[in-house]
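Asks: Input start15.csv, format and content: CSV, C-alpha atoms.
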```
chain,number,residue,atom,x,y,z
A,16,MET,CA,-20.1,-67.3,16.9
A,17,CYS,CA,-18.0,-67.6,13.7
A,18,VAL,CA,-16.1,-70.8,13.1
A,19,CYS,CA,-12.7,-70.4,11.5
A,20,GLU,CA,-12.3,-72.2,8.2
A,21,GLU,CA,-8.7,-73.2,8.9
A,22,PRO,CA,-8.5,-76.9,9.8
A,23,ARG,CA,-5.8,-76.5,12.4
A,24,ILE,CA,-8.1,-74.2,14.4
A,25,ASN,CA,-11.4,-75.8,13.6
A,26,PRO,CA,-11.2,-79.5,12.9
A,27,CYS,CA,-14.8,-79.7,11.7
A,28,CYS,CA,-13.8,-78.0,8.4
A,29,THR,CA,-11.4,-80.8,7.4
A,30,ARG,CA,-13.9,-83.6,7.6
A,31,ILE,CA,-16.8,-84.3,5.6
A,32,PRO,CA,-18.8,-81.1,5.2
A,33,ASP,CA,-20.8,-80.4,8.3
A,34,PRO,CA,-23.9,-78.4,7.4
A,35,VAL,CA,-23.8,-76.5,10.8
A,36,CYS,CA,-20.1,-75.7,10.4
A,37,GLU,CA,-20.7,-74.6,6.8
A,38,GLY,CA,-23.6,-72.4,7.9
A,39,GLU,CA,-21.5,-70.8,10.6
A,40,ASN,CA,-18.7,-70.2,8.1
A,41,LEU,CA,-21.2,-68.7,5.6
A,42,ALA,CA,-22.6,-66.4,8.3
A,43,CYS,CA,-19.1,-65.5,9.4
A,44,ARG,CA,-18.1,-64.6,5.8
A,45,GLY,CA,-21.3,-62.5,5.5
A,46,LEU,CA,-20.6,-60.6,8.7
A,47,ARG,CA,-16.9,-60.1,7.7
A,48,ALA,CA,-17.9,-58.7,4.3
A,49,THR,CA,-20.4,-56.4,5.9
A,50,ALA,CA,-17.8,-55.3,8.4
A,51,GLU,CA,-15.3,-54.7,5.7
A,52,GLU,CA,-17.8,-52.7,3.7
A,53,ALA,CA,-18.6,-50.6,6.8
A,54,ILE,CA,-14.9,-50.0,7.2
A,55,ARG,CA,-14.5,-48.9,3.6
A,56,ALA,CA,-17.6,-46.6,4.0
A,57,ALA,CA,-16.1,-45.1,7.2
A,58,GLU,CA,-12.8,-44.6,5.4
A,59,GLY,CA,-14.6,-42.7,2.6
A,60,THR,CA,-16.4,-40.6,5.2
A,61,VAL,CA,-13.2,-39.8,6.9
A,62,SER,CA,-11.5,-39.0,3.6
A,63,VAL,CA,-14.4,-36.6,2.7
A,64,ALA,CA,-14.2,-35.1,6.2
A,65,GLN,CA,-10.4,-34.6,5.8
A,66,LYS,CA,-10.9,-32.9,2.5
A,67,SER,CA,-13.5,-30.6,4.1
A,68,VAL,CA,-11.1,-29.8,6.9
A,69,ASP,CA,-8.3,-29.1,4.3
A,70,ALA,CA,-10.7,-26.9,2.3
A,71,ALA,CA,-11.7,-25.0,5.5
A,72,GLU,CA,-8.1,-24.6,6.4
A,73,GLY,CA,-7.4,-23.1,3.0
A,74,VAL,CA,-10.3,-20.7,3.3
A,75,LEU,CA,-9.0,-19.6,6.7
A,76,LYS,CA,-5.6,-19.0,5.3
A,77,ALA,CA,-7.0,-17.0,2.5
A,78,ALA,CA,-9.1,-15.0,4.9
A,79,GLN,CA,-6.1,-14.3,7.1
A,80,ALA,CA,-4.2,-13.1,4.0
A,81,THR,CA,-7.1,-10.8,3.2
A,82,VAL,CA,-7.2,-9.5,6.8
A,83,ASN,CA,-3.4,-8.9,6.7
A,84,ALA,CA,-3.7,-7.1,3.3
A,85,ALA,CA,-6.6,-5.0,4.7
A,86,ARG,CA,-4.4,-4.1,7.8
A,87,GLY,CA,-1.6,-3.0,5.5
A,88,SER,CA,-4.0,-0.9,3.4
A,89,LEU,CA,-5.5,0.6,6.6
A,90,ASN,CA,-2.1,1.5,7.9
A,91,ALA,CA,-1.1,3.1,4.6
A,92,ALA,CA,-4.4,5.1,4.6
A,93,LYS,CA,-3.7,6.2,8.1
A,94,GLU,CA,-0.3,7.5,7.1
A,95,VAL,CA,-1.7,9.3,4.0
A,96,LEU,CA,-4.4,10.8,6.2
A,97,LYS,CA,-1.8,12.0,8.7
A,98,ALA,CA,0.4,13.4,6.0
A,99,THR,CA,-2.6,15.2,4.5
A,100,SER,CA,-3.5,16.6,7.9
A,101,ASP,CA,0.0,17.8,8.5
A,102,THR,CA,0.1,19.4,5.0
A,103,PHE,CA,-3.3,21.1,5.7
A,104,LYS,CA,-1.9,22.4,9.0
A,105,VAL,CA,1.2,23.9,7.2
A,106,GLY,CA,-1.0,25.3,4.4
A,107,SER,CA,-3.3,26.9,7.0
A,108,GLU,CA,-0.4,28.4,8.8
A,109,VAL,CA,1.0,29.8,5.5
A,110,ALA,CA,-2.4,31.2,4.7
A,111,ARG,CA,-2.7,32.8,8.1
A,112,LYS,CA,0.8,34.4,7.8
A,113,ILE,CA,-0.2,35.7,4.3
A,114,ALA,CA,-3.4,37.2,5.8
A,115,ASP,CA,-1.4,38.7,8.7
A,116,PHE,CA,1.1,40.3,6.3
A,117,GLY,CA,-1.3,41.4,3.6
A,118,VAL,CA,-0.1,42.0,0.0
A,119,ASN,CA,2.2,44.8,1.0
A,120,GLY,CA,3.7,42.6,3.8
A,121,LEU,CA,4.5,39.8,1.3
A,122,ILE,CA,6.6,42.0,-0.9
A,123,SER,CA,7.1,45.7,-0.5
A,124,ILE,CA,9.1,47.4,-3.2
A,125,ARG,CA,10.9,50.3,-1.6
A,126,GLU,CA,12.8,51.5,-4.6
A,127,ILE,CA,13.3,50.7,-8.2
A,128,SER,CA,15.7,52.5,-10.5
A,129,PHE,CA,17.1,52.2,-14.1
A,130,ASP,CA,20.2,53.6,-15.8
A,131,VAL,CA,19.0,54.1,-19.4
A,132,ASN,CA,20.5,56.1,-22.3
A,133,LEU,CA,18.4,57.2,-25.3
A,134,SER,CA,20.3,54.8,-27.6
A,135,VAL,CA,18.8,51.9,-25.7
A,136,ALA,CA,15.5,52.5,-27.4
A,137,SER,CA,16.9,51.1,-30.6
A,138,GLY,CA,17.5,47.7,-29.0
A,139,GLY,CA,20.4,48.0,-26.5
A,140,SER,CA,20.7,47.0,-22.9
A,141,PHE,CA,20.6,48.9,-19.6
A,142,SER,CA,20.9,48.2,-15.9
A,143,GLY,CA,18.6,48.5,-13.0
A,144,SER,CA,18.1,47.8,-9.4
A,145,VAL,CA,15.3,46.9,-7.0
A,146,ARG,CA,15.2,47.3,-3.2
A,147,ALA,CA,12.4,45.3,-1.7
A,148,SER,CA,11.3,43.6,1.5
A,149,PHE,CA,9.8,40.1,1.7
A,150,LEU,CA,7.5,39.1,4.6
A,151,GLY,CA,8.4,42.1,6.6
A,152,GLN,CA,12.1,41.1,6.8
A,153,ALA,CA,15.1,43.4,6.1
A,154,ASP,CA,15.3,45.1,2.7
A,155,ILE,CA,17.3,43.3,0.0
A,156,SER,CA,18.7,44.8,-3.1
A,157,VAL,CA,18.8,43.1,-6.5
A,158,SER,CA,20.8,44.4,-9.5
A,159,LEU,CA,19.9,43.3,-13.0
A,160,ARG,CA,21.0,43.8,-16.6
A,161,ILE,CA,18.1,44.3,-19.0
A,162,ASP,CA,18.8,43.4,-22.7
A,163,MET,CA,16.0,44.6,-25.0
A,164,ARG,CA,17.0,41.9,-27.5
A,165,ASP,CA,16.8,39.1,-24.9
A,166,ILE,CA,13.9,39.7,-22.5
A,167,THR,CA,13.7,36.0,-21.6
A,168,SER,CA,17.3,35.9,-20.1
A,169,MET,CA,16.5,39.2,-18.3
A,170,ALA,CA,13.4,37.7,-16.7
A,171,LYS,CA,15.3,34.5,-15.8
A,172,GLN,CA,18.1,36.6,-14.2
A,173,LEU,CA,15.6,38.6,-12.2
A,174,ALA,CA,13.8,35.4,-11.1
A,175,ASP,CA,17.2,33.9,-10.0
A,176,GLU,CA,18.2,37.0,-8.1
A,177,ILE,CA,14.9,37.4,-6.3
A,178,GLY,CA,14.9,33.6,-5.6
A,179,ASN,CA,18.4,33.8,-4.1
A,180,ALA,CA,17.5,36.8,-2.0
A,181,PHE,CA,14.2,35.2,-0.9
A,182,SER,CA,15.9,31.9,0.1
A,183,SER,CA,18.3,33.8,2.3
A,184,LEU,CA,15.4,34.8,4.5
A,185,PHE,CA,15.0,31.2,5.7
```
Output the file's structure as C-alpha cells, nothing else.
Replies:
Amino acid sequence: MCVCEEPRINPCCTRIPDPVCEGENLACRGLRATAEEAIRAAEGTVSVAQKSVDAAEGVLKAAQATVNAARGSLNAAKEVLKATSDTFKVGSEVARKIADFGVNGLISIREISFDVNLSVASGGSFSGSVRASFLGQADISVSLRIDMRDITSMAKQLADEIGNAFSSLF
C-alpha cells in the first residue's frame, strides 16, 4: 500500500526519514509513473484508433459519393437508351411506311407543265407547274418561276413550295 508523502496525511514523512516509509513512497512513485505511462500509451492508442475511424469514415463518404455518381450515370444511360429505343421505333415505323408506299407512293408526279417562249433560250425566264401526290395523299399543285440566269433561286423557290405543300399533309 502506498503511503502519501504529505505530512498532514502521513505523519511518518515529517519526522526523521523512516526507511520503510521512504521505501513505500518510492514504490508508490514508481507505480504512479508506470500508471501514468500506461495512461499516455492508452491515450495514444485511442488517438490512433480515432484517426483510423475518421479515415474509414472519409473512405465511406467517398464511396457513397461514388455510388451516387454511378447511380446518376446509370439513370442518364437508361434515359439515353430509352430515347434511342423510341427513336429506333419511329425510324422502323417510317421505314415500314416507305416500304408500304414504295417509291411511287412517296411522291407521284401526276402532271408537269412549262410555259416557254423561244426567246427564253437566250437567258430569259418562264413559268411552270407541277401536280404531285405525297404519301398517297391528295394531289397538290405547285407553281414556279424559272429564271435561266438564276437557277439557284428557282431551286430554292421550288424547295420552299414543295416543303410548304408537304408540311400541310401533317
Asks: With all atoms listed in the file as the basis for distance, which of A:Val157, A:Asp162, A:Gly87, A:Ala98 is at the shortest distance from A:Val131?
Replies: A:Asp162
Asks: Could you give me, as a list in words, the residues that have an atom at most 10 Å away from the point (24.2, 48.4, -17.0) in the coordinates of the file, using all atoms listed in the file?
Replies: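 Counting all atoms listed in the file, I find these residues within 10 Å of (24.2, 48.4, -17.0): Phe129, Asp130, Val131, Ser140, Phe141, Ser142, Gly143, Ser144, Ser158, Leu159, Arg160, Ile161 and Asp162 of chain A.
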Asks: Could you save the residues just selected, with C-alpha atoms, as a compact mmCIF listing (two decimals), in the frame of the given file?
Replies:
```txt
# COMPACT_ATOMS: atom_id res chain seq x y z
CA PHE A 129 17.10 52.20 -14.10
CA ASP A 130 20.20 53.60 -15.80
CA VAL A 131 19.00 54.10 -19.40
CA SER A 140 20.70 47.00 -22.90
CA PHE A 141 20.60 48.90 -19.60
CA SER A 142 20.90 48.20 -15.90
CA GLY A 143 18.60 48.50 -13.00
CA SER A 144 18.10 47.80 -9.40
CA SER A 158 20.80 44.40 -9.50
CA LEU A 159 19.90 43.30 -13.00
CA ARG A 160 21.00 43.80 -16.60
CA ILE A 161 18.10 44.30 -19.00
CA ASP A 162 18.80 43.40 -22.70
```
Asks: Rounded to one decimal, what separation in Å do you get between atom CA of A:Ile122 and atom CA of A:Gly151?
Replies: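 According to the coordinates, atom CA of A:Ile122 and atom CA of A:Gly151 are separated by 7.7 Å.
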Asks: Rank nothing, just name the residue among A:Ser107, A:Ser156, A:Gln65, A:Asn40 nearest to A:Glu126, using only C-alpha atoms.
Replies: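 For A:Glu126, the nearest of the candidates is A:Ser156.
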Asks: By how many Å are atom CA of A:Val145 and atom CA of A:Arg111 apart?
Replies: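 Calculated distance between atom CA of A:Val145 and atom CA of A:Arg111 is 27.4 Å.
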Asks: Quick one: distance from atom CA of A:Ala64 to atom CA of A:Ala50 in Å, one decimal?
Replies: 20.6 Å
Asks: When you count only C-alpha atoms, which of these residues is closest to A:Ala153: A:Ser128, A:Leu75, A:Ser123, A:Ala174?
Replies: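 Under the stated criterion, the closest residue is A:Ser123.
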